[in-house]
Amino acid sequence: MLKKHIALALLVTLVWGLNFPVTKLGLRGIDPFVLTGIRFSLAALPWVFFIRRPAVRFQYVAAYGVIFGLGMWGVINYGIQLGVSPGIASLIIQLSVFFTLGWGCVLFKEKIRRAQWVGAGLALSGLAAIIATQQGNAAVLGVLMIVLSALAWSVGNVIIKASGVKEILSFMVWASLFPPIPLFLMAWWLHGAAAFEGLPAGLDLTAVLSILFQVYLATHFAYWGWNSLLKTYPVSTVAPLSLLIPVFGIGSSMLILGERISTPTLTFIAVIILGLAVGLCRPQIVHTHR
(Lines give C-alpha, C1' and ligand atoms only; values in the text may rest on other atoms or scores of the structure.)
Protein backbone atom coordinates (compact mmCIF):
# COMPACT_ATOMS: atom_id res chain seq x y z
CA MET A 1 0.00 0.00 0.00
CA LEU A 2 1.16 3.54 -0.76
CA LYS A 3 1.70 5.75 2.28
CA LYS A 4 -1.21 8.02 1.32
CA HIS A 5 -3.52 5.00 1.15
CA ILE A 6 -2.29 3.68 4.49
CA ALA A 7 -3.04 7.14 5.94
CA LEU A 8 -6.52 7.06 4.36
CA ALA A 9 -7.20 3.59 5.80
CA LEU A 10 -6.12 4.70 9.27
CA LEU A 11 -8.29 7.81 9.04
CA VAL A 12 -11.37 5.88 7.88
CA THR A 13 -11.08 3.22 10.60
CA LEU A 14 -10.45 5.95 13.18
CA VAL A 15 -13.62 7.76 12.09
CA TRP A 16 -15.66 4.56 12.24
CA GLY A 17 -14.26 3.69 15.67
CA LEU A 18 -14.95 7.20 16.98
CA ASN A 19 -18.47 7.02 15.59
CA PHE A 20 -19.57 4.67 18.39
CA PRO A 21 -18.83 6.92 21.41
CA VAL A 22 -19.82 10.01 19.39
CA THR A 23 -23.19 8.39 18.67
CA LYS A 24 -23.54 7.61 22.38
CA LEU A 25 -23.20 11.34 23.11
CA GLY A 26 -26.12 12.02 20.77
CA LEU A 27 -28.22 9.29 22.42
CA ARG A 28 -28.09 11.00 25.81
CA GLY A 29 -31.03 13.22 24.94
CA ILE A 30 -32.55 11.73 21.78
CA ASP A 31 -34.45 8.49 21.09
CA PRO A 32 -32.16 6.03 19.22
CA PHE A 33 -34.51 5.58 16.27
CA VAL A 34 -35.18 9.31 16.01
CA LEU A 35 -31.44 10.03 16.09
CA THR A 36 -30.83 7.47 13.35
CA GLY A 37 -33.71 8.89 11.30
CA ILE A 38 -32.21 12.37 11.51
CA ARG A 39 -28.81 10.98 10.49
CA PHE A 40 -30.13 9.40 7.30
CA SER A 41 -32.41 12.32 6.46
CA LEU A 42 -29.36 14.59 6.42
CA ALA A 43 -27.29 11.98 4.57
CA ALA A 44 -29.88 12.07 1.75
CA LEU A 45 -31.04 15.69 1.71
CA PRO A 46 -30.34 17.90 -0.11
CA TRP A 47 -27.69 15.75 -1.81
CA VAL A 48 -30.11 13.66 -3.90
CA PHE A 49 -30.88 16.82 -5.87
CA PHE A 50 -27.23 17.21 -6.88
CA ILE A 51 -25.89 13.63 -7.13
CA ARG A 52 -27.06 11.46 -10.01
CA ARG A 53 -28.93 8.28 -9.12
CA PRO A 54 -26.70 5.16 -9.20
CA ALA A 55 -26.96 3.04 -12.33
CA VAL A 56 -28.48 -0.02 -10.62
CA ARG A 57 -32.00 -1.39 -10.19
CA PHE A 58 -33.79 0.86 -7.73
CA GLN A 59 -35.07 -2.01 -5.58
CA TYR A 60 -31.46 -2.66 -4.56
CA VAL A 61 -31.14 0.95 -3.42
CA ALA A 62 -34.41 0.83 -1.44
CA ALA A 63 -33.71 -2.56 0.15
CA TYR A 64 -30.20 -1.57 1.17
CA GLY A 65 -31.44 1.72 2.63
CA VAL A 66 -34.00 0.06 4.90
CA ILE A 67 -31.69 -2.77 5.98
CA PHE A 68 -28.68 -0.51 6.55
CA GLY A 69 -30.59 2.34 8.19
CA LEU A 70 -33.20 0.51 10.27
CA GLY A 71 -31.89 -3.05 10.51
CA MET A 72 -28.30 -2.08 11.22
CA TRP A 73 -27.91 1.43 12.63
CA GLY A 74 -31.31 1.79 14.23
CA VAL A 75 -30.81 -1.53 16.01
CA ILE A 76 -27.19 -0.71 16.98
CA ASN A 77 -28.27 2.56 18.59
CA TYR A 78 -31.14 0.82 20.37
CA GLY A 79 -28.69 -1.79 21.71
CA ILE A 80 -26.37 0.93 22.99
CA GLN A 81 -29.30 2.65 24.71
CA LEU A 82 -30.17 -0.67 26.37
CA GLY A 83 -26.75 -0.76 28.00
CA VAL A 84 -24.14 -2.13 25.60
CA SER A 85 -21.00 -0.01 25.78
CA PRO A 86 -20.10 1.67 22.46
CA GLY A 87 -16.67 0.00 22.54
CA ILE A 88 -18.15 -3.48 22.86
CA ALA A 89 -20.71 -2.63 20.15
CA SER A 90 -17.92 -1.63 17.75
CA LEU A 91 -16.42 -5.09 18.30
CA ILE A 92 -19.56 -7.23 18.10
CA ILE A 93 -20.68 -5.63 14.84
CA GLN A 94 -17.55 -7.08 13.20
CA LEU A 95 -19.22 -10.50 13.43
CA SER A 96 -20.92 -9.48 10.18
CA VAL A 97 -17.72 -10.83 8.57
CA PHE A 98 -18.81 -14.38 9.35
CA PHE A 99 -22.46 -13.81 8.47
CA THR A 100 -21.26 -12.42 5.13
CA LEU A 101 -19.07 -15.47 4.57
CA GLY A 102 -22.11 -17.66 5.28
CA TRP A 103 -24.23 -15.82 2.73
CA GLY A 104 -21.39 -16.14 0.22
CA CYS A 105 -21.39 -19.90 0.75
CA VAL A 106 -25.18 -20.27 0.46
CA LEU A 107 -25.95 -17.74 -2.29
CA PHE A 108 -22.74 -17.52 -4.32
CA LYS A 109 -21.40 -21.07 -3.81
CA GLU A 110 -18.19 -19.79 -2.27
CA LYS A 111 -16.12 -22.19 -0.18
CA ILE A 112 -15.44 -21.48 3.49
CA ARG A 113 -11.90 -22.44 4.39
CA ARG A 114 -10.85 -24.26 7.55
CA ALA A 115 -9.22 -21.11 8.93
CA GLN A 116 -12.52 -19.27 8.58
CA TRP A 117 -14.37 -21.99 10.52
CA VAL A 118 -11.73 -21.74 13.25
CA GLY A 119 -11.97 -17.95 13.29
CA ALA A 120 -15.75 -18.07 13.52
CA GLY A 121 -15.54 -20.54 16.42
CA LEU A 122 -13.11 -18.32 18.33
CA ALA A 123 -15.13 -15.16 17.75
CA LEU A 124 -18.44 -16.78 18.70
CA SER A 125 -16.94 -18.27 21.88
CA GLY A 126 -15.70 -14.81 22.88
CA LEU A 127 -19.11 -13.32 22.12
CA ALA A 128 -20.87 -16.02 24.18
CA ALA A 129 -18.59 -15.22 27.11
CA ILE A 130 -19.35 -11.49 26.87
CA ILE A 131 -23.11 -12.21 26.78
CA ALA A 132 -22.78 -14.50 29.80
CA THR A 133 -21.05 -11.75 31.83
CA GLN A 134 -23.60 -9.01 31.04
CA GLN A 135 -25.47 -7.73 34.07
CA GLY A 136 -29.25 -7.49 33.69
CA ASN A 137 -31.73 -8.57 31.04
CA ALA A 138 -31.59 -5.21 29.26
CA ALA A 139 -27.83 -5.47 28.70
CA VAL A 140 -28.15 -9.05 27.38
CA LEU A 141 -30.95 -7.92 25.05
CA GLY A 142 -28.72 -5.06 23.94
CA VAL A 143 -25.90 -7.44 22.97
CA LEU A 144 -28.38 -9.58 21.03
CA MET A 145 -29.55 -6.42 19.23
CA ILE A 146 -25.96 -5.72 18.14
CA VAL A 147 -25.66 -9.29 16.86
CA LEU A 148 -28.91 -8.78 14.93
CA SER A 149 -27.49 -5.58 13.43
CA ALA A 150 -24.37 -7.52 12.35
CA LEU A 151 -26.68 -9.96 10.54
CA ALA A 152 -28.47 -7.03 8.88
CA TRP A 153 -25.12 -5.58 7.80
CA SER A 154 -24.20 -8.89 6.17
CA VAL A 155 -27.48 -8.84 4.22
CA GLY A 156 -26.60 -5.33 3.09
CA ASN A 157 -23.22 -6.62 1.89
CA VAL A 158 -25.00 -9.25 -0.20
CA ILE A 159 -27.26 -6.59 -1.73
CA ILE A 160 -24.24 -4.49 -2.71
CA LYS A 161 -22.51 -7.54 -4.21
CA ALA A 162 -25.64 -8.57 -6.13
CA SER A 163 -26.29 -5.04 -7.41
CA GLY A 164 -22.82 -4.63 -8.88
CA VAL A 165 -22.90 -0.93 -7.97
CA LYS A 166 -19.83 1.16 -8.79
CA GLU A 167 -20.96 4.62 -7.63
CA ILE A 168 -20.79 3.95 -3.89
CA LEU A 169 -21.27 7.55 -2.68
CA SER A 170 -24.27 8.00 -4.98
CA PHE A 171 -25.64 4.65 -3.81
CA MET A 172 -25.30 5.64 -0.14
CA VAL A 173 -26.92 9.06 -0.65
CA TRP A 174 -29.92 7.68 -2.54
CA ALA A 175 -30.29 4.67 -0.20
CA SER A 176 -30.45 7.11 2.73
CA LEU A 177 -33.82 8.33 1.44
CA PHE A 178 -35.54 5.14 2.57
CA PRO A 179 -34.77 4.52 6.29
CA PRO A 180 -36.03 7.78 7.94
CA ILE A 181 -39.78 7.06 7.77
CA PRO A 182 -39.47 3.44 9.05
CA LEU A 183 -37.12 4.69 11.78
CA PHE A 184 -39.52 7.42 12.92
CA LEU A 185 -42.40 4.91 12.86
CA MET A 186 -40.36 2.51 15.00
CA ALA A 187 -39.70 5.29 17.52
CA TRP A 188 -43.43 6.06 17.65
CA TRP A 189 -44.33 2.38 18.04
CA LEU A 190 -41.90 1.86 20.93
CA HIS A 191 -42.21 5.16 22.79
CA GLY A 192 -45.15 7.06 21.32
CA ALA A 193 -45.13 10.84 21.16
CA ALA A 194 -42.53 11.01 23.96
CA ALA A 195 -39.84 10.03 21.44
CA PHE A 196 -40.43 13.31 19.60
CA GLU A 197 -41.60 15.67 22.35
CA GLY A 198 -38.16 15.80 23.96
CA LEU A 199 -36.35 16.35 20.66
CA PRO A 200 -36.02 20.17 20.86
CA ALA A 201 -34.47 19.95 24.33
CA GLY A 202 -32.25 17.04 23.28
CA LEU A 203 -30.79 18.88 20.29
CA ASP A 204 -28.09 20.70 22.21
CA LEU A 205 -24.66 21.51 20.77
CA THR A 206 -23.26 18.08 21.66
CA ALA A 207 -26.12 16.28 19.92
CA VAL A 208 -25.87 18.49 16.82
CA LEU A 209 -22.12 17.89 16.53
CA SER A 210 -22.72 14.15 17.04
CA ILE A 211 -25.23 14.09 14.18
CA LEU A 212 -22.96 16.09 11.86
CA PHE A 213 -20.09 13.67 12.60
CA GLN A 214 -22.32 10.68 11.82
CA VAL A 215 -23.57 12.16 8.55
CA TYR A 216 -20.55 13.78 6.94
CA LEU A 217 -17.63 11.83 8.38
CA ALA A 218 -18.94 8.37 9.32
CA THR A 219 -21.28 8.08 6.31
CA HIS A 220 -20.17 10.26 3.40
CA PHE A 221 -16.40 10.50 3.89
CA ALA A 222 -15.71 7.07 5.37
CA TYR A 223 -17.70 5.17 2.74
CA TRP A 224 -15.98 7.07 -0.04
CA GLY A 225 -12.55 6.39 1.49
CA TRP A 226 -13.12 2.70 2.21
CA ASN A 227 -14.54 1.89 -1.20
CA SER A 228 -11.76 3.86 -2.90
CA LEU A 229 -9.34 1.49 -1.20
CA LEU A 230 -11.39 -1.53 -2.29
CA LYS A 231 -11.22 -0.33 -5.90
CA THR A 232 -7.42 0.14 -5.69
CA TYR A 233 -6.30 -2.97 -3.76
CA PRO A 234 -7.40 -6.61 -3.40
CA VAL A 235 -10.08 -7.23 -0.79
CA SER A 236 -7.61 -9.48 1.04
CA THR A 237 -5.40 -6.43 1.57
CA VAL A 238 -8.13 -4.00 2.66
CA ALA A 239 -10.57 -6.11 4.69
CA PRO A 240 -8.21 -7.00 7.58
CA LEU A 241 -7.85 -3.27 8.28
CA SER A 242 -11.40 -3.38 9.66
CA LEU A 243 -9.89 -4.93 12.80
CA LEU A 244 -8.71 -1.41 13.67
CA ILE A 245 -12.33 -0.26 14.05
CA PRO A 246 -12.99 -1.96 17.43
CA VAL A 247 -9.48 -0.99 18.58
CA PHE A 248 -10.27 2.67 17.91
CA GLY A 249 -13.86 2.19 19.12
CA ILE A 250 -12.86 0.72 22.49
CA GLY A 251 -9.97 3.14 22.96
CA SER A 252 -12.00 6.24 22.13
CA SER A 253 -14.90 5.06 24.31
CA MET A 254 -12.49 4.80 27.25
CA LEU A 255 -11.12 8.29 26.55
CA ILE A 256 -14.34 10.12 25.64
CA LEU A 257 -16.90 8.35 27.82
CA GLY A 258 -14.65 7.05 30.59
CA GLU A 259 -15.56 3.41 29.88
CA ARG A 260 -13.94 0.87 32.15
CA ILE A 261 -13.48 -2.65 30.84
CA SER A 262 -12.78 -5.52 33.23
CA THR A 263 -9.85 -7.89 32.75
CA PRO A 264 -12.09 -10.89 31.88
CA THR A 265 -13.93 -8.79 29.28
CA LEU A 266 -10.61 -7.66 27.78
CA THR A 267 -9.66 -11.33 27.49
CA PHE A 268 -12.91 -12.12 25.66
CA ILE A 269 -12.34 -9.09 23.39
CA ALA A 270 -8.88 -10.45 22.53
CA VAL A 271 -10.42 -13.83 21.65
CA ILE A 272 -12.94 -12.17 19.31
CA ILE A 273 -10.26 -10.04 17.62
CA LEU A 274 -8.09 -13.14 17.18
CA GLY A 275 -11.03 -14.96 15.61
CA LEU A 276 -11.73 -12.05 13.28
CA ALA A 277 -8.07 -11.92 12.29
CA VAL A 278 -8.06 -15.62 11.44
CA GLY A 279 -11.33 -15.33 9.51
CA LEU A 280 -10.20 -12.28 7.55
CA CYS A 281 -6.80 -13.51 6.47
CA ARG A 282 -8.06 -14.33 2.96
CA PRO A 283 -11.71 -13.18 2.67
CA GLN A 284 -13.82 -14.60 -0.10
CA ILE A 285 -16.47 -11.86 -0.35
CA VAL A 286 -16.33 -8.08 -0.37
CA HIS A 287 -17.01 -6.80 3.15
CA THR A 288 -18.14 -3.14 3.15
CA HIS A 289 -18.15 -0.91 6.23
CA ARG A 290 -20.17 1.86 7.81
# chains A, B, ... in the order shown; residues from 1 in each chain; ligands from 1

$ residues_around --residues "Leu148 in chain A" --least-positions-apart "6" --cutoff "8 Å" --atoms "only C-alpha atoms" --output "mmCIF file with N, CA, C and O atoms, in the first residue's frame"
data_model
loop_
_atom_site.group_PDB
_atom_site.id
_atom_site.type_symbol
_atom_site.label_atom_id
_atom_site.label_comp_id
_atom_site.auth_asym_id
_atom_site.auth_seq_id
_atom_site.Cartn_x
_atom_site.Cartn_y
_atom_site.Cartn_z
ATOM 1 N N GLY A 71 -32.335 -1.751 10.018
ATOM 2 C CA GLY A 71 -31.891 -3.047 10.509
ATOM 3 C C GLY A 71 -30.521 -3.020 11.139
ATOM 4 O O GLY A 71 -30.261 -3.770 12.089
ATOM 5 N N MET A 72 -29.628 -2.141 10.637
ATOM 6 C CA MET A 72 -28.296 -2.080 11.219
ATOM 7 C C MET A 72 -28.184 -0.935 12.217
ATOM 8 O O MET A 72 -28.076 -1.152 13.420
ATOM 9 N N VAL A 75 -30.921 -0.462 15.015
ATOM 10 C CA VAL A 75 -30.809 -1.527 16.013
ATOM 11 C C VAL A 75 -29.535 -1.368 16.850
ATOM 12 O O VAL A 75 -29.546 -1.599 18.063
#

$ select_by_dssp --residues "range 2-186 of chain A" --states "helix (DSSP H, G or I)" --output "number ranges by chain"
A: 3-27, 32-44, 47-49, 58-82, 86-108, 114-132, 137-163, 168-175, 180-186

$ closest_atom_pairs --of "range 111-134 of chain A" --to "range 262-268 of chain A" --cutoff "8 Å" --atoms "only C-alpha atoms" --output "JSON lines"
{"residue": "A:Gly126", "atom": "CA", "partner": "A:Phe268", "partner_atom": "CA", "distance": 4.8}
{"residue": "A:Leu127", "atom": "CA", "partner": "A:Phe268", "partner_atom": "CA", "distance": 7.2}
{"residue": "A:Ala129", "atom": "CA", "partner": "A:Phe268", "partner_atom": "CA", "distance": 6.6}
{"residue": "A:Ile130", "atom": "CA", "partner": "A:Thr265", "partner_atom": "CA", "distance": 6.5}

$ closest_residue --among "A:Leu27, A:Ile269, A:Leu244, A:Leu276" --to "Gly198 in chain A" --atoms "only C-alpha atoms"
A:Leu27

$ atom_distance --atom1 "CA of Arg114 in chain A" --atom2 "CA of Pro246 in chain A"
24.5 Å

$ residues_around --residues "Val48 in chain A" --least-positions-apart "5" --cutoff "8 Å" --atoms "only C-alpha atoms" --output "ChimeraX atom specification"
/A:53,173-174

$ write_last_selection --atoms "C-alpha atoms" --output "PDB file, in the first residue's frame"
ATOM      1  CA  ARG A  53     -28.927   8.276  -9.121  1.00  0.00           C
ATOM      2  CA  VAL A 173     -26.922   9.057  -0.650  1.00  0.00           C
ATOM      3  CA  TRP A 174     -29.922   7.681  -2.536  1.00  0.00           C
TER       4      TRP A 174
END

$ atom_distance --atom1 "CA of Glu259 in chain A" --atom2 "CA of Leu91 in chain A"
14.4 Å

$ residues_around --residues "Trp73 in chain A" --least-positions-apart "6" --cutoff "12 Å" --atoms "only C-alpha atoms" --output "MDAnalysis selection string"
chainID A and resid 19:20 23 32:40 65:67 79:80 89:90 93 145:153 156 176 179:180 183 214 218:219 289:290

$ closest_residue --among "A:Val278, A:Leu255, A:Ala201, A:Ala115" --to "Gly29 in chain A" --atoms "only C-alpha atoms"
A:Ala201

$ atom_distance --atom1 "CA of Leu243 in chain A" --atom2 "CA of Leu11 in chain A"
13.4 Å

$ closest_residue --among "A:Pro200, A:Leu25, A:Leu95, A:Ile76" --to "Gly121 in chain A" --atoms "only C-alpha atoms"
A:Leu95

$ residues_around --residues "Ala62 in chain A" --least-positions-apart "4" --cutoff "8 Å" --atoms "only C-alpha atoms" --output "ChimeraX atom specification"
/A:58,66,175,178

$ write_last_selection --atoms "N, CA and C atoms" --output "short mmCIF file (atom, residue, chain, number, x, y, z; two decimals), in the first residue's frame"
data_model
loop_
_atom_site.label_atom_id
_atom_site.label_comp_id
_atom_site.auth_asym_id
_atom_site.auth_seq_id
_atom_site.Cartn_x
_atom_site.Cartn_y
_atom_site.Cartn_z
N PHE A 58 -33.47 0.03 -8.88
CA PHE A 58 -33.79 0.86 -7.73
C PHE A 58 -34.21 0.03 -6.52
N VAL A 66 -33.21 0.49 3.74
CA VAL A 66 -34.00 0.06 4.90
C VAL A 66 -33.18 -0.87 5.79
N ALA A 175 -29.75 5.67 -1.13
CA ALA A 175 -30.29 4.67 -0.20
C ALA A 175 -30.74 5.32 1.10
N PHE A 178 -34.52 6.12 2.20
CA PHE A 178 -35.54 5.14 2.57
C PHE A 178 -35.66 4.83 4.07
#

$ residues_around --residues "Trp226 in chain A" --least-positions-apart "3" --cutoff "7 Å" --atoms "only C-alpha atoms" --output "JSON, numbers by chain"
{"A": [9, 12, 222, 223, 229, 230]}

$ closest_atom_pairs --of "range 114-165 of chain A" --to "range 97-104 of chain A" --cutoff "9 Å" --atoms "only C-alpha atoms" --output "tab-separated table"
residue	atom	partner	partner_atom	distance
A:Gln116	CA	A:Phe98	CA	8.0
A:Trp117	CA	A:Phe98	CA	8.9
A:Gly119	CA	A:Phe98	CA	8.7
A:Ala120	CA	A:Phe98	CA	6.4
A:Ala150	CA	A:Phe99	CA	7.6
A:Leu151	CA	A:Phe99	CA	6.1
A:Trp153	CA	A:Thr100	CA	8.3
A:Ser154	CA	A:Thr100	CA	4.7
A:Val155	CA	A:Thr100	CA	7.2
A:Asn157	CA	A:Thr100	CA	6.9
A:Val158	CA	A:Trp103	CA	7.2

$ write_last_selection --atoms "N, CA and C atoms" --output "mmCIF file, in the first residue's frame"
data_model
loop_
_atom_site.group_PDB
_atom_site.id
_atom_site.type_symbol
_atom_site.label_atom_id
_atom_site.label_comp_id
_atom_site.auth_asym_id
_atom_site.auth_seq_id
_atom_site.Cartn_x
_atom_site.Cartn_y
_atom_site.Cartn_z
ATOM 1 N N GLN A 116 -11.337 -20.097 8.325
ATOM 2 C CA GLN A 116 -12.517 -19.267 8.578
ATOM 3 C C GLN A 116 -13.462 -19.938 9.582
ATOM 4 N N TRP A 117 -13.584 -21.258 9.513
ATOM 5 C CA TRP A 117 -14.374 -21.985 10.523
ATOM 6 C C TRP A 117 -13.743 -21.814 11.909
ATOM 7 N N GLY A 119 -11.777 -19.346 12.891
ATOM 8 C CA GLY A 119 -11.970 -17.952 13.292
ATOM 9 C C GLY A 119 -13.374 -17.691 13.790
ATOM 10 N N ALA A 120 -14.369 -18.247 13.096
ATOM 11 C CA ALA A 120 -15.754 -18.073 13.522
ATOM 12 C C ALA A 120 -15.977 -18.697 14.893
ATOM 13 N N ALA A 150 -25.461 -6.932 13.143
ATOM 14 C CA ALA A 150 -24.374 -7.525 12.351
ATOM 15 C C ALA A 150 -24.938 -8.411 11.240
ATOM 16 N N LEU A 151 -26.024 -9.139 11.553
ATOM 17 C CA LEU A 151 -26.683 -9.957 10.540
ATOM 18 C C LEU A 151 -27.268 -9.070 9.447
ATOM 19 N N TRP A 153 -26.233 -6.121 8.580
ATOM 20 C CA TRP A 153 -25.115 -5.578 7.802
ATOM 21 C C TRP A 153 -24.665 -6.581 6.745
ATOM 22 N N SER A 154 -24.624 -7.867 7.121
ATOM 23 C CA SER A 154 -24.196 -8.894 6.167
ATOM 24 C C SER A 154 -25.182 -8.996 5.009
ATOM 25 N N VAL A 155 -26.485 -8.838 5.289
ATOM 26 C CA VAL A 155 -27.485 -8.844 4.217
ATOM 27 C C VAL A 155 -27.249 -7.650 3.290
ATOM 28 N N ASN A 157 -24.388 -6.283 2.697
ATOM 29 C CA ASN A 157 -23.218 -6.621 1.889
ATOM 30 C C ASN A 157 -23.611 -7.458 0.672
ATOM 31 N N VAL A 158 -24.544 -8.399 0.900
ATOM 32 C CA VAL A 158 -25.002 -9.246 -0.196
ATOM 33 C C VAL A 158 -25.734 -8.409 -1.242
#
